[in-house]
Every structure is written in C-alpha cells, then in structure tokens.
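File shown here: start.csv, holding CSV, C-alpha atoms.
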chain,number,residue,atom,x,y,z
T,199,MET,CA,-27.6,6.0,7.7
T,200,ALA,CA,-24.7,5.3,5.5
T,201,LEU,CA,-24.2,7.0,2.2
T,202,ALA,CA,-21.9,4.1,1.2
T,203,TYR,CA,-19.4,1.6,2.3
T,204,ILE,CA,-15.9,2.4,1.2
T,205,ASN,CA,-12.2,1.5,1.6
T,206,LEU,CA,-9.4,4.1,1.6
T,207,SER,CA,-6.1,3.3,0.0
T,208,SER,CA,-2.9,5.3,0.2
T,209,LYS,CA,0.5,4.6,-1.3
T,210,GLN,CA,3.9,5.2,0.3
T,211,TYR,CA,7.0,5.3,-1.8
T,212,PHE,CA,10.5,4.2,-0.6
T,213,ASN,CA,13.7,5.4,-2.2
T,214,PHE,CA,17.2,6.4,-1.2
T,215,MET,CA,15.9,9.5,0.6
T,216,CYS,CA,14.5,7.6,3.6
T,217,LYS,CA,13.4,9.7,6.5
T,218,ASN,CA,13.0,7.3,9.4
T,219,ASP,CA,13.9,3.8,10.5
T,220,PHE,CA,10.8,2.1,9.0
T,221,GLU,CA,11.5,3.6,5.6
T,222,ARG,CA,15.2,2.7,5.7
T,223,ARG,CA,14.4,-0.9,6.7
T,224,ILE,CA,11.9,-1.3,3.8
T,225,TYR,CA,14.3,0.3,1.3
T,226,HIS,CA,17.4,-1.7,2.3
T,227,ASP,CA,15.7,-5.0,2.9
T,228,THR,CA,13.9,-4.9,-0.4
T,229,TYR,CA,17.0,-3.9,-2.3
T,230,LYS,CA,19.0,-6.7,-0.8
T,231,GLU,CA,16.2,-9.2,-1.6
T,232,PHE,CA,16.0,-7.8,-5.1
T,233,GLN,CA,19.7,-8.5,-5.6
T,234,LYS,CA,19.2,-12.1,-4.5
T,235,LYS,CA,15.9,-13.0,-6.2
T,236,SER,CA,16.5,-11.2,-9.5
T,237,LYS,CA,19.5,-13.3,-10.5
T,238,ILE,CA,17.4,-15.9,-12.3
T,239,TYR,CA,15.8,-13.1,-14.4
T,240,SER,CA,18.9,-11.2,-15.2
T,241,LEU,CA,20.0,-13.5,-18.0
T,242,ASN,CA,23.6,-14.0,-16.9
T,243,HIS,CA,23.9,-10.4,-15.7
T,244,SER,CA,23.0,-9.0,-19.1
T,245,LEU,CA,19.8,-7.3,-17.6
T,246,ASN,CA,20.2,-4.9,-14.8
T,247,THR,CA,16.9,-3.1,-14.3
T,248,PHE,CA,13.6,-4.5,-13.1
T,249,ALA,CA,11.9,-3.1,-16.3
T,250,GLU,CA,14.4,-4.9,-18.5
T,251,MET,CA,13.8,-8.2,-16.6
T,252,VAL,CA,10.0,-7.9,-17.0
T,253,GLN,CA,10.2,-7.0,-20.6
T,254,ALA,CA,12.4,-10.1,-21.3
T,255,ASN,CA,10.4,-12.4,-19.1
T,256,GLU,CA,6.9,-11.6,-17.6
T,257,ARG,CA,7.6,-14.1,-14.8
T,258,ALA,CA,9.9,-11.5,-13.3
T,259,ASN,CA,6.7,-9.8,-12.0
T,260,ALA,CA,6.9,-12.5,-9.3
T,261,LEU,CA,9.6,-10.3,-7.7
T,262,HIS,CA,6.8,-8.1,-6.4
T,263,GLN,CA,5.5,-11.0,-4.2
T,264,LYS,CA,9.0,-12.2,-3.3
T,265,LEU,CA,10.0,-8.8,-2.0
T,266,ASN,CA,6.6,-8.5,-0.2
T,267,TYR,CA,7.5,-11.6,1.9
T,268,ILE,CA,10.7,-10.0,3.1
T,269,VAL,CA,9.0,-7.0,4.6
T,270,MET,CA,6.0,-8.7,6.2
T,271,ASN,CA,7.4,-8.6,9.7
T,272,THR,CA,8.4,-4.9,9.3
T,273,ILE,CA,4.9,-4.0,8.1
T,274,GLU,CA,3.3,-6.0,11.0
T,275,GLY,CA,5.3,-3.7,13.3
T,276,LEU,CA,3.0,-0.9,12.3
T,277,GLU,CA,0.2,-2.7,14.1
T,278,ASN,CA,-2.3,-2.0,11.2
T,279,GLN,CA,-1.8,1.8,11.4
T,280,MET,CA,-1.1,3.6,8.2
T,281,PRO,CA,2.1,5.7,8.6
T,282,ILE,CA,1.0,8.1,5.9
T,283,LEU,CA,-2.8,8.7,6.5
T,284,ASN,CA,-4.3,10.4,9.5
T,285,ASP,CA,-7.7,11.7,10.4
T,286,GLU,CA,-8.1,15.4,11.2
T,287,GLU,CA,-7.2,14.7,14.9
T,288,GLY,CA,-3.9,13.1,14.0
T,289,ASN,CA,-4.9,9.5,14.6
T,290,SER,CA,-3.6,7.0,12.1
T,291,ILE,CA,-6.2,5.3,9.9
T,292,LEU,CA,-6.2,1.5,10.2
T,293,PHE,CA,-5.3,-0.8,7.4
T,294,ASP,CA,-6.4,-4.4,6.7
T,295,PHE,CA,-3.7,-5.2,4.2
T,296,ALA,CA,-0.6,-3.8,2.6
T,297,GLU,CA,0.9,-4.7,-0.7
T,298,LEU,CA,4.4,-4.0,-1.9
T,299,ASN,CA,5.2,-3.2,-5.5
T,300,ILE,CA,8.5,-2.6,-7.2
T,301,TYR,CA,8.4,0.7,-9.0
T,302,ALA,CA,11.9,0.6,-10.4
T,303,SER,CA,15.2,-1.1,-9.4
T,304,ASP,CA,18.7,-1.5,-10.8
T,305,LEU,CA,21.3,-4.1,-9.8
T,306,LEU,CA,24.1,-1.6,-10.6
T,307,ASN,CA,22.6,1.5,-8.9
T,308,LYS,CA,21.0,1.2,-5.5
T,309,ALA,CA,19.8,4.8,-5.8
T,310,GLY,CA,17.6,3.6,-8.7
T,311,HIS,CA,15.7,1.3,-6.3
T,312,VAL,CA,12.1,2.5,-5.6
T,313,VAL,CA,9.3,0.4,-4.1
T,314,SER,CA,5.9,1.3,-2.9
T,315,ILE,CA,3.5,0.0,-0.3
T,316,THR,CA,-0.3,0.4,-0.8
T,317,TYR,CA,-2.2,0.4,2.4
T,318,THR,CA,-5.9,-0.4,2.2
T,319,SER,CA,-8.3,0.3,5.1
T,320,PRO,CA,-11.0,-2.1,6.4
T,321,LYS,CA,-14.6,-1.4,5.3
T,322,LEU,CA,-15.6,2.1,6.4
T,323,VAL,CA,-19.0,3.7,6.6
T,324,LEU,CA,-19.2,6.9,4.7
T,325,HIS,CA,-21.7,9.1,6.7
T,326,GLU,CA,-21.3,12.4,4.9
T,327,ILE,CA,-19.2,14.4,2.5
T,328,VAL,CA,-18.6,18.1,3.4
T,329,GLY,CA,-16.4,19.8,0.8
T,330,ASP,CA,-13.2,17.8,0.7
T,331,LEU,CA,-13.9,16.1,4.1
T,332,LEU,CA,-15.2,12.6,4.5
T,333,ILE,CA,-17.0,11.8,7.7
T,334,LEU,CA,-16.4,8.1,8.4
T,335,SER,CA,-16.6,5.3,10.9
T,336,TYR,CA,-15.3,1.8,11.0
T,337,ASP,CA,-17.8,-0.8,9.9
T,338,ALA,CA,-18.5,-2.7,13.1
T,339,ARG,CA,-22.1,-4.0,13.0
T,340,ASN,CA,-22.3,-4.7,16.7
T,341,ASN,CA,-20.5,-1.5,18.0
T,342,ASN,CA,-21.6,2.1,17.8
T,343,ASN,CA,-18.3,3.4,16.4
T,344,GLU,CA,-17.3,7.0,16.7
T,345,THR,CA,-17.0,9.0,13.6
T,346,PHE,CA,-13.8,10.6,12.4
T,347,ILE,CA,-12.9,13.0,9.6
T,348,VAL,CA,-10.4,12.4,6.8
T,349,LYS,CA,-9.5,15.2,4.4
T,350,MET,CA,-9.3,14.1,0.8
T,351,ASN,CA,-6.1,14.7,-1.2
T,352,ASN,CA,-4.4,13.4,-4.3
T,353,ASP,CA,-2.7,10.6,-2.3
T,354,ILE,CA,-6.0,8.9,-1.3
T,355,VAL,CA,-8.0,6.5,-3.4
T,356,VAL,CA,-11.6,5.8,-2.5
T,357,ASN,CA,-12.8,2.3,-3.3
T,358,TYR,CA,-16.6,2.2,-3.4
T,359,GLU,CA,-18.4,-1.0,-2.6
T,360,LYS,CA,-21.4,-1.1,-4.9
T,361,LYS,CA,-24.2,-3.5,-3.9
T,362,ARG,CA,-26.7,-4.8,-6.3
T,363,GLU,CA,-30.3,-4.4,-5.0
T,364,LEU,CA,-33.6,-5.2,-6.5
T,365,VAL,CA,-35.8,-2.1,-7.1
T,366,TYR,CA,-39.5,-2.5,-6.7
T,367,SER,CA,-42.0,-0.1,-8.3

Whole structure given in structure tokens:
Amino acid sequence: MALAYINLSSKQYFNFMCKNDFERRIYHDTYKEFQKKSKIYSLNHSLNTFAEMVQANERANALHQKLNYIVMNTIEGLENQMPILNDEEGNSILFDFAELNIYASDLLNKAGHVVSITYTSPKLVLHEIVGDLLILSYDARNNNNETFIVKMNNDIVVNYEKKRELVYS
C-alpha cells in the first residue's frame, strides 16, 4: 500500500564552470540566445543584466520561455533521465518535464550568465520512509514495478499529491 503519491524535483545550475558537453551546450546556447532575444528589453543597450531588464519591464520574464525553446532538443537527448539524481544503485531517476530558468545574465559579461533546469519526475509511489531514504516505485497501474531507493538531500524537492476524500464515521 502506498503512503503517498509524490513527484521528485531537482535543479541543475549551469554557469561558466561547465564540466561536460551537455552542460557546455546548455550554457553556450542559452547565452547566445539571451544575447539575441534580450535586445528588445535592453532599452537601446542601456540595460545589460537580466535583473535590470525585468525591473524595467516585467515582460522580460518571457526570456525564460524563449531560452527554454533553444535547449529543448538538447534536453530530449537525455532520454528523460535526470543527469543529477540517481537511486542508490546508480540508476538515473526519470523525469517527465524539465523547465529552464534564467538565474542571472549579463550582456557584457558571459561569466555572469547562470541558468538552471528543474527536472520533475513522473508520479511516484512512496512505499516507505526509512531515515533519509525514500522507497519508491514508478506509478504504473497495470505493471508491478520494482521499488528503488532515493536518498534525500538538500537538492531534492518532494511534491506531495494530496487527494481530497470523504471521511465516514
């Protein structure tokens, strides 16, 4: 019996200290797109940082979505496997969707460009909690899925799906 149905989310940051090809691709592609798409919000080059652009015009928040489009194919290359979250056996946790956000960026300083991708798992069945370990399985109603264990840490967010039920007395 399930204790709850949950989703796990984990956030990966991308900055100038890229460690692998995937991170470099996300970093460089988003910065190049930021340079192109932010021109309409920079007020004739008087605003250089993303924060300044948003402060001057809230519509600059649309840049999150515009940069998300440019990395969709790169993210699809992950084949729905989170690159930053594994179970205790080293298997990648699957994700249903990934969302890119601009943390900071600067048209005059590429090193000031930082974006993040938040990966969110499909619905998981929480079977048990033992200390800081979650015993989970993927929610597949027709299959008897095997359980796996994920160790909780500060980088994981648990999203609890609360269902409203009638209580009879």

Would you give me, as a Markdown table, each residue of region 227-286 of chain T having an atom within 12 Å of an atom of region 317-336 of chain T, along with its shortest atom pair and that distance in Å to one decimal, using all atoms listed in the file and sorting by chain and residue number?
| residue | atom | partner | partner_atom | distance |
| --- | --- | --- | --- | --- |
| T:Ile273 | CA | T:Tyr317 | CA | 10.1 |
| T:Leu276 | CA | T:Tyr317 | CA | 11.3 |
| T:Asn278 | CA | T:Ser319 | CA | 8.9 |
| T:Gln279 | CA | T:Tyr317 | CA | 9.1 |
| T:Met280 | CA | T:Tyr317 | CA | 6.7 |
| T:Pro281 | CA | T:Tyr317 | CA | 9.2 |
| T:Ile282 | CA | T:Tyr317 | CA | 9.0 |
| T:Leu283 | CA | T:Tyr317 | CA | 9.3 |
| T:Asn284 | CA | T:Ser319 | CA | 11.7 |
| T:Asp285 | CA | T:Leu332 | CA | 9.6 |
| T:Glu286 | CA | T:Leu331 | CA | 9.2 |

Could those selected residues go to a file with C-alpha atoms, as a PDB file, in the coordinates of the input?
ATOM      1  CA  ILE T 273       4.900  -4.000   8.100  1.00  0.00           C
ATOM      2  CA  LEU T 276       3.000  -0.900  12.300  1.00  0.00           C
ATOM      3  CA  ASN T 278      -2.300  -2.000  11.200  1.00  0.00           C
ATOM      4  CA  GLN T 279      -1.800   1.800  11.400  1.00  0.00           C
ATOM      5  CA  MET T 280      -1.100   3.600   8.200  1.00  0.00           C
ATOM      6  CA  PRO T 281       2.100   5.700   8.600  1.00  0.00           C
ATOM      7  CA  ILE T 282       1.000   8.100   5.900  1.00  0.00           C
ATOM      8  CA  LEU T 283      -2.800   8.700   6.500  1.00  0.00           C
ATOM      9  CA  ASN T 284      -4.300  10.400   9.500  1.00  0.00           C
ATOM     10  CA  ASP T 285      -7.700  11.700  10.400  1.00  0.00           C
ATOM     11  CA  GLU T 286      -8.100  15.400  11.200  1.00  0.00           C
TER      12      GLU T 286
END

(request) Just give me the residues with any atom within 10 Å of (15.6, 0.5, -8.5), file coordinates, counting only C-alpha atoms, written as a ChimeraX atom specification. (result) /T:213-214,225,228-229,232,246-249,300-313

(request) Between T:Asp353, T:Arg257, T:Thr272, T:Asn343, single out the one closest to Gln210 (chain T), counting only C-alpha atoms. (result)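 Between T:Asp353, T:Arg257, T:Thr272, T:Asn343, the residue approaching Gln210 (chain T) most closely is T:Asp353.
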
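For the atom pair formed by CA of Ile204 (chain T) and CA of Gln263 (chain T), the distance is 25.8 Å, given to one decimal.
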
(message) Rounded to one decimal, what separation in Å do you get between CA of Lys234 (chain T) and CA of Ile315 (chain T)?
(response) 20.3 Å

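Of note, CA of Asn357 (chain T) and CA of Leu298 (chain T) are spaced 18.4 Å apart.
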
(request) Could you check which of T:Ser240, T:Leu245, T:Asp219, T:Lys230 is closest to Leu265 (chain T), using all atoms listed in the file? (result) T:Lys230

Here's a test: counting all atoms listed in the file, identify every protein, DNA and RNA residue with an atom at most 12 Å from (13.8, -12.5, -23.6) in the file's coordinate frame, and state them as a PDB file with C-alpha atoms, in the frame of the given file.
ATOM      1  CA  TYR T 239      15.800 -13.100 -14.400  1.00  0.00           C
ATOM      2  CA  SER T 240      18.900 -11.200 -15.200  1.00  0.00           C
ATOM      3  CA  LEU T 241      20.000 -13.500 -18.000  1.00  0.00           C
ATOM      4  CA  ASN T 242      23.600 -14.000 -16.900  1.00  0.00           C
ATOM      5  CA  SER T 244      23.000  -9.000 -19.100  1.00  0.00           C
ATOM      6  CA  LEU T 245      19.800  -7.300 -17.600  1.00  0.00           C
ATOM      7  CA  GLU T 250      14.400  -4.900 -18.500  1.00  0.00           C
ATOM      8  CA  MET T 251      13.800  -8.200 -16.600  1.00  0.00           C
ATOM      9  CA  VAL T 252      10.000  -7.900 -17.000  1.00  0.00           C
ATOM     10  CA  GLN T 253      10.200  -7.000 -20.600  1.00  0.00           C
ATOM     11  CA  ALA T 254      12.400 -10.100 -21.300  1.00  0.00           C
ATOM     12  CA  ASN T 255      10.400 -12.400 -19.100  1.00  0.00           C
ATOM     13  CA  GLU T 256       6.900 -11.600 -17.600  1.00  0.00           C
ATOM     14  CA  ARG T 257       7.600 -14.100 -14.800  1.00  0.00           C
ATOM     15  CA  ALA T 258       9.900 -11.500 -13.300  1.00  0.00           C
TER      16      ALA T 258
END
